[in-house]
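Enquirer: Just query03.txt, nothing more (compact mmCIF, C-alpha atoms):
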# COMPACT_ATOMS: atom_id res chain seq x y z
CA MET A 292 78.79 101.05 84.32
CA ARG A 293 80.56 103.97 85.99
CA ILE A 294 81.58 104.30 89.64
CA THR A 295 82.65 107.64 91.07
CA GLY A 296 84.76 107.80 94.18
CA ARG A 297 88.25 108.05 95.58
CA ILE A 298 90.42 105.06 94.78
CA VAL A 299 92.13 104.08 98.03
CA GLY A 300 95.66 105.43 98.03
CA THR A 301 94.81 108.50 95.93
CA ASP A 302 93.53 111.92 96.92
CA TYR A 303 91.43 112.81 93.90
CA LEU A 304 87.93 111.97 92.76
CA ALA A 305 87.91 109.40 89.96
CA GLU A 306 85.39 107.92 87.58
CA VAL A 307 85.94 104.21 86.98
CA THR A 308 84.35 102.86 83.81
CA ILE A 309 83.59 99.13 83.61
CA GLU A 310 82.94 97.30 80.35
CA ALA A 311 82.69 93.57 79.65
CA GLY A 312 83.63 92.73 83.22
CA LYS A 313 86.87 94.70 83.20
CA ILE A 314 88.03 98.16 84.19
CA ALA A 315 88.03 99.99 80.85
CA ASN A 316 88.98 103.49 81.95
CA ILE A 317 89.88 105.59 84.99
CA GLN A 318 89.78 109.35 84.75
CA PRO A 319 89.53 112.32 87.11
CA ALA A 320 85.92 113.14 87.90
CA GLY A 321 86.52 116.68 89.11
CA ALA A 322 88.99 119.00 90.75
CA SER A 323 90.91 117.64 93.72
CA SER A 324 89.57 118.76 97.06
CA GLY A 325 92.97 118.45 98.68
CA PRO A 326 93.27 116.01 101.61
CA LEU A 327 91.11 112.92 101.49
CA ASP A 328 87.52 114.06 101.80
CA ASP A 329 85.20 111.80 103.76
CA ARG A 330 82.15 112.87 101.76
CA PHE A 331 82.95 110.57 98.85
CA HIS A 332 82.91 106.81 98.41
CA ARG A 333 86.20 104.94 98.51
CA ILE A 334 86.92 102.33 95.85
CA ALA A 335 89.23 99.37 96.49
CA PRO A 336 89.89 95.92 95.07
CA GLY A 337 87.50 93.28 96.40
CA PHE A 338 88.66 91.65 99.62
CA ILE A 339 90.08 88.11 99.54
CA ASP A 340 89.81 85.88 102.62
CA ILE A 341 91.93 82.72 102.62
CA GLN A 342 90.20 81.08 105.59
CA VAL A 343 86.40 80.97 105.91
CA ASN A 344 84.65 78.09 107.66
CA GLY A 345 81.16 79.50 107.26
CA TRP A 346 78.91 82.47 107.95
CA GLY A 347 75.44 83.38 109.15
CA GLY A 348 74.56 79.96 110.54
CA LYS A 349 75.96 78.08 107.54
CA ASN A 350 78.90 75.84 108.46
CA ILE A 351 80.95 74.40 105.62
CA ASN A 352 82.01 71.65 108.03
CA TRP A 353 78.55 70.39 108.97
CA PRO A 354 78.08 66.74 107.95
CA GLU A 355 74.79 67.89 106.39
CA VAL A 356 76.28 70.83 104.45
CA THR A 357 74.82 71.34 100.98
CA ALA A 358 75.80 73.17 97.81
CA LYS A 359 73.06 75.68 98.63
CA ASP A 360 74.72 76.41 101.99
CA VAL A 361 78.02 77.16 100.25
CA ALA A 362 76.31 79.46 97.75
CA GLU A 363 74.58 81.31 100.59
CA VAL A 364 77.92 81.91 102.32
CA VAL A 365 79.19 83.45 99.06
CA GLY A 366 76.21 85.79 98.99
CA MET A 367 76.45 86.81 102.64
CA LEU A 368 80.16 87.63 102.47
CA ARG A 369 79.58 90.02 99.57
CA ALA A 370 77.85 92.38 101.99
CA TYR A 371 81.29 92.90 103.55
CA GLY A 372 83.22 93.42 100.31
CA VAL A 373 84.57 89.85 100.03
CA THR A 374 84.71 88.95 96.35
CA MET A 375 86.81 85.80 96.74
CA PHE A 376 87.53 83.42 99.61
CA CYS A 377 88.86 79.96 100.34
CA PRO A 378 86.13 77.71 101.78
CA THR A 379 87.95 76.05 104.65
CA VAL A 380 87.37 72.44 105.65
CA THR A 381 88.70 71.46 109.06
CA THR A 382 89.49 68.34 111.09
CA GLN A 383 86.73 65.75 110.97
CA SER A 384 86.19 62.15 109.91
CA ARG A 385 87.11 61.11 106.39
CA GLU A 386 83.44 60.81 105.51
CA SER A 387 82.57 64.26 106.84
CA ILE A 388 85.48 65.95 105.07
CA CYS A 389 84.49 64.27 101.80
CA LYS A 390 80.91 65.51 102.24
CA SER A 391 82.14 69.08 102.72
CA MET A 392 84.38 68.79 99.67
CA THR A 393 81.51 67.42 97.62
CA ALA A 394 79.19 70.25 98.64
CA ILE A 395 81.76 72.87 97.62
CA ARG A 396 82.40 71.09 94.31
CA GLN A 397 78.69 70.90 93.53
CA ALA A 398 78.19 74.56 94.41
CA CYS A 399 81.00 75.55 92.02
CA GLU A 400 79.69 73.27 89.26
CA GLU A 401 76.17 74.67 89.60
CA SER A 402 77.19 78.34 89.53
CA ALA A 403 79.98 80.09 87.67
CA SER A 404 79.58 82.96 90.15
CA VAL A 405 80.26 80.65 93.11
CA ALA A 406 83.19 79.06 91.28
CA HIS A 407 84.69 82.52 90.72
CA ALA A 408 84.18 83.41 94.40
CA CYS A 409 85.87 80.18 95.58
CA PRO A 410 89.18 79.97 93.66
CA MET A 411 90.42 77.11 95.87
CA ILE A 412 89.62 75.12 98.99
CA HIS A 413 91.74 75.40 102.11
CA LEU A 414 92.05 72.10 104.00
CA GLU A 415 93.00 72.98 107.58
CA GLY A 416 93.70 69.64 109.20
CA PRO A 417 93.23 66.84 109.99
CA TYR A 418 97.02 66.53 109.75
CA ILE A 419 97.83 68.74 112.74
CA SER A 420 99.28 68.42 116.25
CA PRO A 421 97.18 66.37 118.68
CA GLU A 422 98.46 68.38 121.66
CA ASP A 423 96.20 70.65 123.66
CA GLY A 424 96.96 74.21 122.61
CA PRO A 425 98.41 73.67 119.15
CA ARG A 426 95.34 71.61 118.25
CA GLY A 427 93.10 74.58 119.00
CA ALA A 428 89.39 73.75 118.76
CA HIS A 429 89.93 70.85 116.35
CA PRO A 430 88.48 67.58 117.75
CA LEU A 431 91.21 65.27 119.04
CA ASP A 432 89.43 62.11 117.90
CA TYR A 433 89.98 63.02 114.26
CA VAL A 434 93.55 64.35 114.33
CA ARG A 435 95.90 62.07 112.41
CA PRO A 436 99.23 61.99 110.52
CA PRO A 437 99.28 62.87 106.81
CA ASN A 438 97.93 60.16 104.54
CA SER A 439 98.48 60.58 100.80
CA GLU A 440 95.82 58.06 99.84
CA GLU A 441 93.25 59.79 102.04
CA PHE A 442 94.22 63.20 100.70
CA GLU A 443 93.68 62.01 97.15
CA ALA A 444 90.18 60.91 98.18
CA PHE A 445 89.56 64.42 99.52
CA GLN A 446 90.90 65.93 96.30
CA GLU A 447 88.71 63.67 94.18
CA ALA A 448 85.62 64.65 96.19
CA SER A 449 86.50 68.33 95.68
CA GLY A 450 86.93 67.96 91.95
CA GLY A 451 90.59 68.97 92.25
CA ARG A 452 89.80 72.22 94.06
CA ILE A 453 91.99 71.82 97.15
CA GLY A 454 94.67 74.46 96.69
CA MET A 455 96.03 74.97 100.20
CA VAL A 456 96.61 72.55 103.06
CA THR A 457 97.54 73.41 106.65
CA VAL A 458 99.71 70.71 108.18
CA THR A 459 102.00 70.43 111.18
CA PRO A 460 105.56 69.70 110.01
CA GLU A 461 106.59 67.52 112.97
CA ALA A 462 104.00 64.82 112.24
CA GLU A 463 105.18 61.49 110.88
CA GLY A 464 105.54 61.74 107.10
CA ALA A 465 104.72 65.47 107.07
CA ILE A 466 107.81 66.69 105.22
CA SER A 467 107.37 64.24 102.36
CA PHE A 468 103.66 65.11 102.27
CA ILE A 469 104.47 68.83 102.07
CA LYS A 470 106.87 68.10 99.20
CA GLN A 471 104.10 66.12 97.48
CA LEU A 472 101.65 69.01 97.86
CA SER A 473 104.14 71.55 96.54
CA GLY A 474 104.90 69.32 93.57
CA GLN A 475 101.18 69.30 92.71
CA GLY A 476 100.98 73.09 92.78
CA ILE A 477 99.15 73.09 96.13
CA ILE A 478 100.15 75.65 98.76
CA PRO A 479 101.49 73.92 101.89
CA ALA A 480 100.83 75.90 105.08
CA ILE A 481 102.34 75.44 108.55
CA GLY A 482 99.77 75.59 111.30
CA HIS A 483 98.42 74.04 114.51
CA ALA A 484 101.99 72.91 115.03
CA ASN A 485 104.28 71.91 117.88
CA ALA A 486 107.33 72.13 115.65
CA THR A 487 111.03 72.60 116.27
CA ARG A 488 113.28 74.92 114.32
CA ASP A 489 114.45 72.01 112.19
CA ASP A 490 110.86 70.91 111.54
CA ILE A 491 109.93 74.37 110.32
CA GLN A 492 112.99 74.73 108.13
CA GLY A 493 112.39 71.25 106.73
CA ALA A 494 108.83 72.27 105.83
CA VAL A 495 110.05 75.45 104.14
CA ASP A 496 112.69 73.53 102.20
CA ALA A 497 109.95 71.11 101.10
CA GLY A 498 107.78 73.96 99.81
CA ALA A 499 105.75 75.43 102.70
CA ARG A 500 104.72 78.99 101.81
CA ILE A 501 102.61 80.38 104.64
CA SER A 502 102.02 80.20 108.38
CA THR A 503 98.31 79.73 109.12
CA HIS A 504 96.99 82.30 111.67
CA LEU A 505 100.44 82.82 113.17
CA GLY A 506 100.37 83.11 116.95
CA ASN A 507 97.16 81.10 117.28
CA GLY A 508 96.68 77.36 117.38
CA SER A 509 99.56 77.29 119.86
CA HIS A 510 100.34 76.60 123.51
CA ALA A 511 99.22 79.19 126.04
CA LYS A 512 102.82 79.29 127.31
CA VAL A 513 106.03 78.67 125.35
CA ASP A 514 109.72 79.38 125.82
CA ARG A 515 109.99 83.14 125.54
CA LEU A 516 112.89 83.04 123.06
CA ARG A 517 112.93 79.59 121.45
CA ASN A 518 109.56 78.63 120.04
CA TYR A 519 107.75 77.90 116.79
CA ILE A 520 106.23 81.40 116.58
CA TRP A 521 109.60 83.16 116.58
CA GLU A 522 111.00 80.64 114.11
CA GLN A 523 108.26 81.39 111.57
CA LEU A 524 108.00 85.16 112.02
CA PRO A 525 111.37 86.17 110.47
CA ASN A 526 111.36 83.46 107.79
CA ASP A 527 111.22 85.36 104.51
CA SER A 528 110.01 82.29 102.63
CA LEU A 529 106.71 82.31 104.53
CA TYR A 530 103.70 84.56 104.32
CA ALA A 531 101.74 84.76 107.57
CA SER A 532 97.98 85.00 107.90
CA LEU A 533 96.85 87.03 110.92
CA ILE A 534 93.48 87.16 112.67
CA ALA A 535 93.16 90.84 113.57
CA ASP A 536 89.82 90.67 115.38
CA GLY A 537 91.25 92.04 118.64
CA HIS A 538 90.84 88.69 120.41
CA HIS A 539 93.23 86.27 118.70
CA LEU A 540 96.17 88.71 118.72
CA PRO A 541 96.50 91.61 121.19
CA PRO A 542 97.08 94.96 119.45
CA ALA A 543 100.78 95.12 120.36
CA VAL A 544 101.36 91.57 119.11
CA LEU A 545 99.62 92.29 115.81
CA LYS A 546 101.77 95.38 115.33
CA CYS A 547 104.97 93.46 116.07
CA MET A 548 104.02 90.59 113.77
CA ILE A 549 103.23 92.88 110.85
CA ARG A 550 106.51 94.72 111.38
CA GLY A 551 108.42 91.46 111.72
CA LYS A 552 106.84 89.76 108.73
CA GLY A 553 106.68 92.94 106.67
CA LEU A 554 103.93 94.46 104.59
CA GLU A 555 104.76 92.20 101.66
CA ARG A 556 104.23 88.92 103.55
CA SER A 557 101.38 89.69 105.97
CA ILE A 558 97.84 88.58 105.11
CA LEU A 559 94.66 89.40 106.98
CA THR A 560 92.13 86.61 107.39
CA THR A 561 88.93 86.31 109.39
CA ASP A 562 88.93 82.56 110.16
CA ALA A 563 85.16 83.09 110.21
CA ILE A 564 83.06 80.23 111.53
CA GLY A 565 79.44 79.40 110.81
CA LEU A 566 78.24 81.39 113.81
CA ALA A 567 79.74 84.59 112.38
CA GLY A 568 77.04 87.14 111.77
CA LYS A 569 74.81 85.67 114.49
CA PRO A 570 73.88 87.58 117.67
CA PRO A 571 75.74 86.92 120.96
CA GLY A 572 74.57 83.96 122.99
CA ILE A 573 75.04 80.26 123.69
CA TYR A 574 74.33 77.92 120.79
CA GLN A 575 73.85 74.53 122.41
CA ASP A 576 73.09 72.77 119.15
CA TRP A 577 76.40 73.92 117.64
CA GLU A 578 78.38 70.69 117.57
CA ILE A 579 81.47 71.85 115.75
CA ALA A 580 83.93 74.52 116.94
CA ALA A 581 82.22 77.25 118.96
CA GLY A 582 79.25 77.16 121.23
CA GLY A 583 79.22 80.69 122.61
CA LEU A 584 79.43 84.17 121.14
CA THR A 585 80.33 86.95 123.56
CA GLU A 586 79.08 90.53 123.53
CA ASP A 587 82.53 91.79 122.51
CA GLY A 588 82.65 89.64 119.37
CA ALA A 589 84.55 86.50 120.39
CA ALA A 590 83.68 82.89 119.65
CA ARG A 591 84.58 80.43 122.39
CA LEU A 592 84.10 76.78 123.18
CA ALA A 593 81.07 76.90 125.46
CA GLY A 594 82.07 76.93 129.14
CA THR A 595 85.76 77.60 128.41
CA PRO A 596 87.99 80.62 127.70
CA TYR A 597 89.30 78.99 124.49
CA LEU A 598 88.77 80.75 121.18
CA ALA A 599 87.20 78.70 118.39
CA GLY A 600 87.52 80.64 115.18
CA ALA A 601 86.30 84.19 114.73
CA VAL A 602 83.07 85.98 113.93
CA MET A 603 84.02 89.38 112.51
CA PRO A 604 83.76 90.33 108.81
CA MET A 605 86.86 91.33 106.87
CA THR A 606 86.07 95.02 107.32
CA ARG A 607 86.87 94.78 111.04
CA PRO A 608 90.42 93.36 110.69
CA ILE A 609 91.21 96.09 108.18
CA GLU A 610 89.97 98.75 110.60
CA ASN A 611 91.84 97.14 113.50
CA THR A 612 95.07 96.96 111.55
CA VAL A 613 94.92 100.71 110.92
CA ARG A 614 94.29 101.37 114.62
CA PHE A 615 96.52 98.72 116.21
CA ALA A 616 99.48 98.65 113.83
CA GLY A 617 99.44 102.27 112.67
CA LEU A 618 99.09 101.33 109.01
CA SER A 619 97.59 103.57 106.37
CA LEU A 620 94.22 102.47 104.99
CA LEU A 621 95.91 101.54 101.71
CA ASP A 622 98.51 99.35 103.43
CA ALA A 623 95.85 97.63 105.54
CA ILE A 624 93.67 96.94 102.51
CA ASN A 625 96.69 95.55 100.64
CA LEU A 626 96.96 92.87 103.34
CA ALA A 627 93.44 91.74 102.37
CA THR A 628 93.79 92.14 98.60
CA VAL A 629 97.25 92.33 97.03
CA ASN A 630 98.99 89.82 99.29
CA PRO A 631 96.38 87.04 99.28
CA ALA A 632 95.98 87.51 95.51
CA ARG A 633 99.69 86.93 95.03
CA LEU A 634 99.75 83.92 97.33
CA LEU A 635 96.81 82.30 95.53
CA GLY A 636 98.05 83.23 92.06
CA LEU A 637 95.17 85.61 91.35
CA ASP A 638 97.26 88.65 90.46
CA GLN A 639 95.51 89.37 87.16
CA ASN A 640 92.02 89.27 88.66
CA ALA A 641 92.22 90.76 92.11
CA GLU A 642 95.28 92.84 92.85
CA SER A 643 94.47 96.49 92.19
CA VAL A 644 92.14 99.06 90.67
CA GLU A 645 93.80 99.47 87.28
CA VAL A 646 92.70 99.63 83.65
CA GLY A 647 92.57 96.13 82.17
CA ARG A 648 91.99 94.38 85.49
CA GLU A 649 88.91 92.29 86.14
CA ALA A 650 86.38 94.53 87.88
CA ASN A 651 86.21 92.96 91.34
CA LEU A 652 85.67 95.99 93.55
CA VAL A 653 84.33 97.13 96.89
CA VAL A 654 82.84 100.58 97.33
CA PHE A 655 82.61 101.87 100.89
CA ASN A 656 82.20 104.86 103.17
CA ARG A 657 84.30 105.76 106.18
CA ASP A 658 83.46 108.64 108.46
CA SER A 659 86.96 109.28 109.80
CA ALA A 660 90.61 108.24 109.49
CA GLU A 661 90.08 105.44 112.02
CA GLY A 662 86.35 104.95 111.58
CA GLU A 663 84.33 101.92 110.58
CA ILE A 664 84.17 100.74 106.99
CA GLU A 665 80.62 100.67 105.66
CA VAL A 666 80.35 98.70 102.43
CA THR A 667 77.80 100.21 100.05
CA ASN A 668 78.49 98.10 96.95
CA THR A 669 80.38 95.02 95.91
CA VAL A 670 81.16 94.42 92.25
CA VAL A 671 82.25 91.06 90.85
CA GLN A 672 83.33 90.70 87.21
CA GLY A 673 81.70 94.03 86.46
CA GLU A 674 78.32 93.14 88.01
CA VAL A 675 76.91 94.69 91.17
CA VAL A 676 76.34 91.74 93.51
CA TYR A 677 75.63 93.76 96.65
CA GLY A 678 74.09 97.21 97.02
CA SER A 679 72.29 99.46 94.60
CA ALA A 680 72.58 98.93 90.87
CA SER A 681 74.29 102.31 90.47
CA PRO A 682 77.17 102.67 92.95
Using the file provided, produce a representation of the structure as structure tokens.
Expert:
Amino acid sequence: MRITGRIVGTDYLAEVTIEAGKIANIQPAGASSGPLDDRFHRIAPGFIDIQVNGWGGKNINWPEVTAKDVAEVVGMLRAYGVTMFCPTVTTQSRESICKSMTAIRQACEESASVAHACPMIHLEGPYISPEDGPRGAHPLDYVRPPNSEEFEAFQEASGGRIGMVTVTPEAEGAISFIKQLSGQGIIPAIGHANATRDDIQGAVDAGARISTHLGNGSHAKVDRLRNYIWEQLPNDSLYASLIADGHHLPPAVLKCMIRGKGLERSILTTDAIGLAGKPPGIYQDWEIAAGGLTEDGAARLAGTPYLAGAVMPMTRPIENTVRFAGLSLLDAINLATVNPARLLGLDQNAESVEVGREANLVVFNRDSAEGEIEVTNTVVQGEVVYGSASP
């Protein structure tokens, strides 16, 4: 298979040849037309989203979730260039979390394609702060301190697929739990926390590697100079995931956070919930997380101003990061490809468009320097999984 287009970050037309699931050759396809020409497709590595709770009416956290639901989420996300993501299981009862883990495990066991798309599970909770604000939309009744025995039950249900866990470091036993996770090769994340400076440093010393959706899952008002957001932002041991949907972080805050954390440690995530991809309206039968989708693309707990996850595809945060933070398209895409790949240990499969790399690619159009990204094709392991057979 051959794909012709402009590889993001270059200004010449290239022909990318794919053989046996890998990029076999890249060569110029014609004379350069000078500055980036909007007539041609762009080619980029497939997007990687480290926090996805569901999509299109399929909620990974439903008690009734099935392997088929998980597989359908994989398929729907490919329309937006997402080739890999972390199915994210949130705060619920032990039984419900185990059911979600089992559904993901079964989906991966039944399909090698799904297993490739879901390199690890992200467990976000239930070991988070019980306080209003830091708890976010997670149900208070199920918030609890870390429990190693319970976590092992979750891991068993998942078939050993839990690879990242968001935990608040001030909880009883949290630091030793973070050390346990790190020792098992699992990525400990700080999130939904009401932590002190010492708590955060203790978590980092124990192996914490990322701040989950920094700036969200926090109090509406904190000390302007001494707070858990400032303590995490300059910490060079931590990546930070950022929800750049225009609702979770105001444009100026997003720009400051990316500058403070740096291009090497910032990661874009959608935090997409099961209502993502659905039309605006009130969903009264939606028992978990959000009940209302607004016309401007926000998900809120019905009857409240509180955000409950997000509903925009990964293309929107990339576009917003270009507009809000003044990044180049290449730099913005790196926050959704290179950086999450490095965090998850997927460098060889999903970092760049280079000869020898696994062919996980997104082909898209863009009508202007700050225009919308329109995905035309998604390629996974050399196979077109979205769009026409001939990109």
Enquirer: Can you write out as CSV which residues of stretch 428-542 of chain A fall within 12 Å of stretch 396-407 of chain A, alongside each residue's closest atom pair and its distance in Å to one decimal, counting all atoms listed in the file and ordering rows by chain and ascending residue number?
Expert:
residue,atom,partner,partner_atom,distance
A:Phe445,CA,A:Arg396,CA,11.1
A:Gln446,CA,A:Arg396,CA,10.1
A:Glu447,CA,A:Arg396,CA,9.7
A:Ala448,CA,A:Arg396,CA,7.4
A:Ser449,CA,A:Arg396,CA,5.1
A:Gly450,CA,A:Arg396,CA,6.0
A:Gly451,CA,A:Arg396,CA,8.7
A:Arg452,CA,A:Arg396,CA,7.5
A:Ile453,CA,A:Arg396,CA,10.0
Enquirer: Using all atoms listed in the file, collect all residues at a distance of at most 8 Å from (76.6, 105.7, 87.2) as written in the file, then present them as an MDAnalysis selection string.
Expert: chainID A and resid 292:295 681:682
Enquirer: Residues within 9 Å of A:Thr560, please, as a PDB file with C-alpha atoms, keeping the file's coordinate frame. Count all atoms listed in the file; anything in the same chain fewer than 5 positions from it doesn't count.
Expert:
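Written file, out29.pdb:
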ATOM      1  CA  ILE A 339      90.080  88.110  99.540  1.00  0.00           C
ATOM      2  CA  ASP A 340      89.810  85.880 102.620  1.00  0.00           C
ATOM      3  CA  ILE A 341      91.930  82.720 102.620  1.00  0.00           C
ATOM      4  CA  GLN A 342      90.200  81.080 105.590  1.00  0.00           C
ATOM      5  CA  VAL A 343      86.400  80.970 105.910  1.00  0.00           C
ATOM      6  CA  HIS A 504      96.990  82.300 111.670  1.00  0.00           C
ATOM      7  CA  SER A 532      97.980  85.000 107.900  1.00  0.00           C
ATOM      8  CA  LEU A 533      96.850  87.030 110.920  1.00  0.00           C
ATOM      9  CA  ILE A 534      93.480  87.160 112.670  1.00  0.00           C
ATOM     10  CA  ALA A 535      93.160  90.840 113.570  1.00  0.00           C
ATOM     11  CA  MET A 605      86.860  91.330 106.870  1.00  0.00           C
ATOM     12  CA  PRO A 608      90.420  93.360 110.690  1.00  0.00           C
ATOM     13  CA  LEU A 626      96.960  92.870 103.340  1.00  0.00           C
ATOM     14  CA  ALA A 627      93.440  91.740 102.370  1.00  0.00           C
TER      15      ALA A 627
END
Enquirer: With only C-alpha atoms as the basis for distance, which of A:Glu441, A:Gly321, A:Ala315, A:Gly568 is at the shortest distance from A:Asp302?
Expert: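 Closest to A:Asp302 of all the choices is A:Gly321.
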Enquirer: Between atom CA of A:Glu422 and atom CA of A:Gly508, measure the distance and give it in Å to one decimal.
Expert: 10.1 Å
Enquirer: Just checking: using only C-alpha atoms, which residue out of A:Leu584, A:Cys547, A:Ala497, A:Ile520 ends up closest to A:Ala484?
Expert: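 Using only C-alpha atoms, A:Ala484 sits closest to A:Ile520.
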Enquirer: Hey, can you pull every residue with an atom no more than 10 Å from (107.8, 68.9, 103.8), using only C-alpha atoms, and send it as a PyMOL selection string?
Expert: chain A and resi 458-461+464-473+479-481+490-499
Enquirer: Using only C-alpha atoms, which of A:Ala680, A:Ala462, A:Val671, A:Ile309 sits nearest A:Val365?
Expert: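 Smallest separation from A:Val365 among the options: A:Val671.
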Enquirer: When distances are computed from only C-alpha atoms, which of A:Gly565, A:Pro525, A:Gly506, A:Gly551 shows the smallest separation from A:Asn352?
Expert: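 Smallest distance to A:Asn352 is found for A:Gly565.
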Enquirer: What are the closest atom pairs, with distances in Å to one decimal, for all residues of stretch 356-467 of chain A lying within 12 Å of stretch 510-516 of chain A? Consider only C-alpha atoms, order rows by chain and residue number, and present the result as CSV.
Expert:
residue,atom,partner,partner_atom,distance
A:Ser420,CA,A:His510,CA,11.0
A:Pro421,CA,A:His510,CA,11.7
A:Glu422,CA,A:His510,CA,8.6
A:Asp423,CA,A:His510,CA,7.3
A:Gly424,CA,A:His510,CA,4.2
A:Pro425,CA,A:His510,CA,5.6
A:Arg426,CA,A:His510,CA,8.8
A:Gly427,CA,A:His510,CA,8.8
Enquirer: For A:Glu310, which of A:Glu440, A:Glu649, A:Asp587, A:Glu663 is the closest residue, counting all atoms listed in the file?
Expert: A:Glu649
Enquirer: Which residues come within 12 Å of A:Thr612, counting all atoms listed in the file, excluding same-chain residues fewer than 6 positions away, as a PyMOL selection string?
Expert: chain A and resi 533-537+540-550+554+557-560+605-606+618-627+661-663
Enquirer: Find the residue from A:Pro378, A:Pro336, A:Gly482, A:Gly345 that sits nearest to A:Ser643; use all atoms listed in the file when measuring.
Expert: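 Counting all atoms listed in the file, the residue closest to A:Ser643 is A:Pro336.
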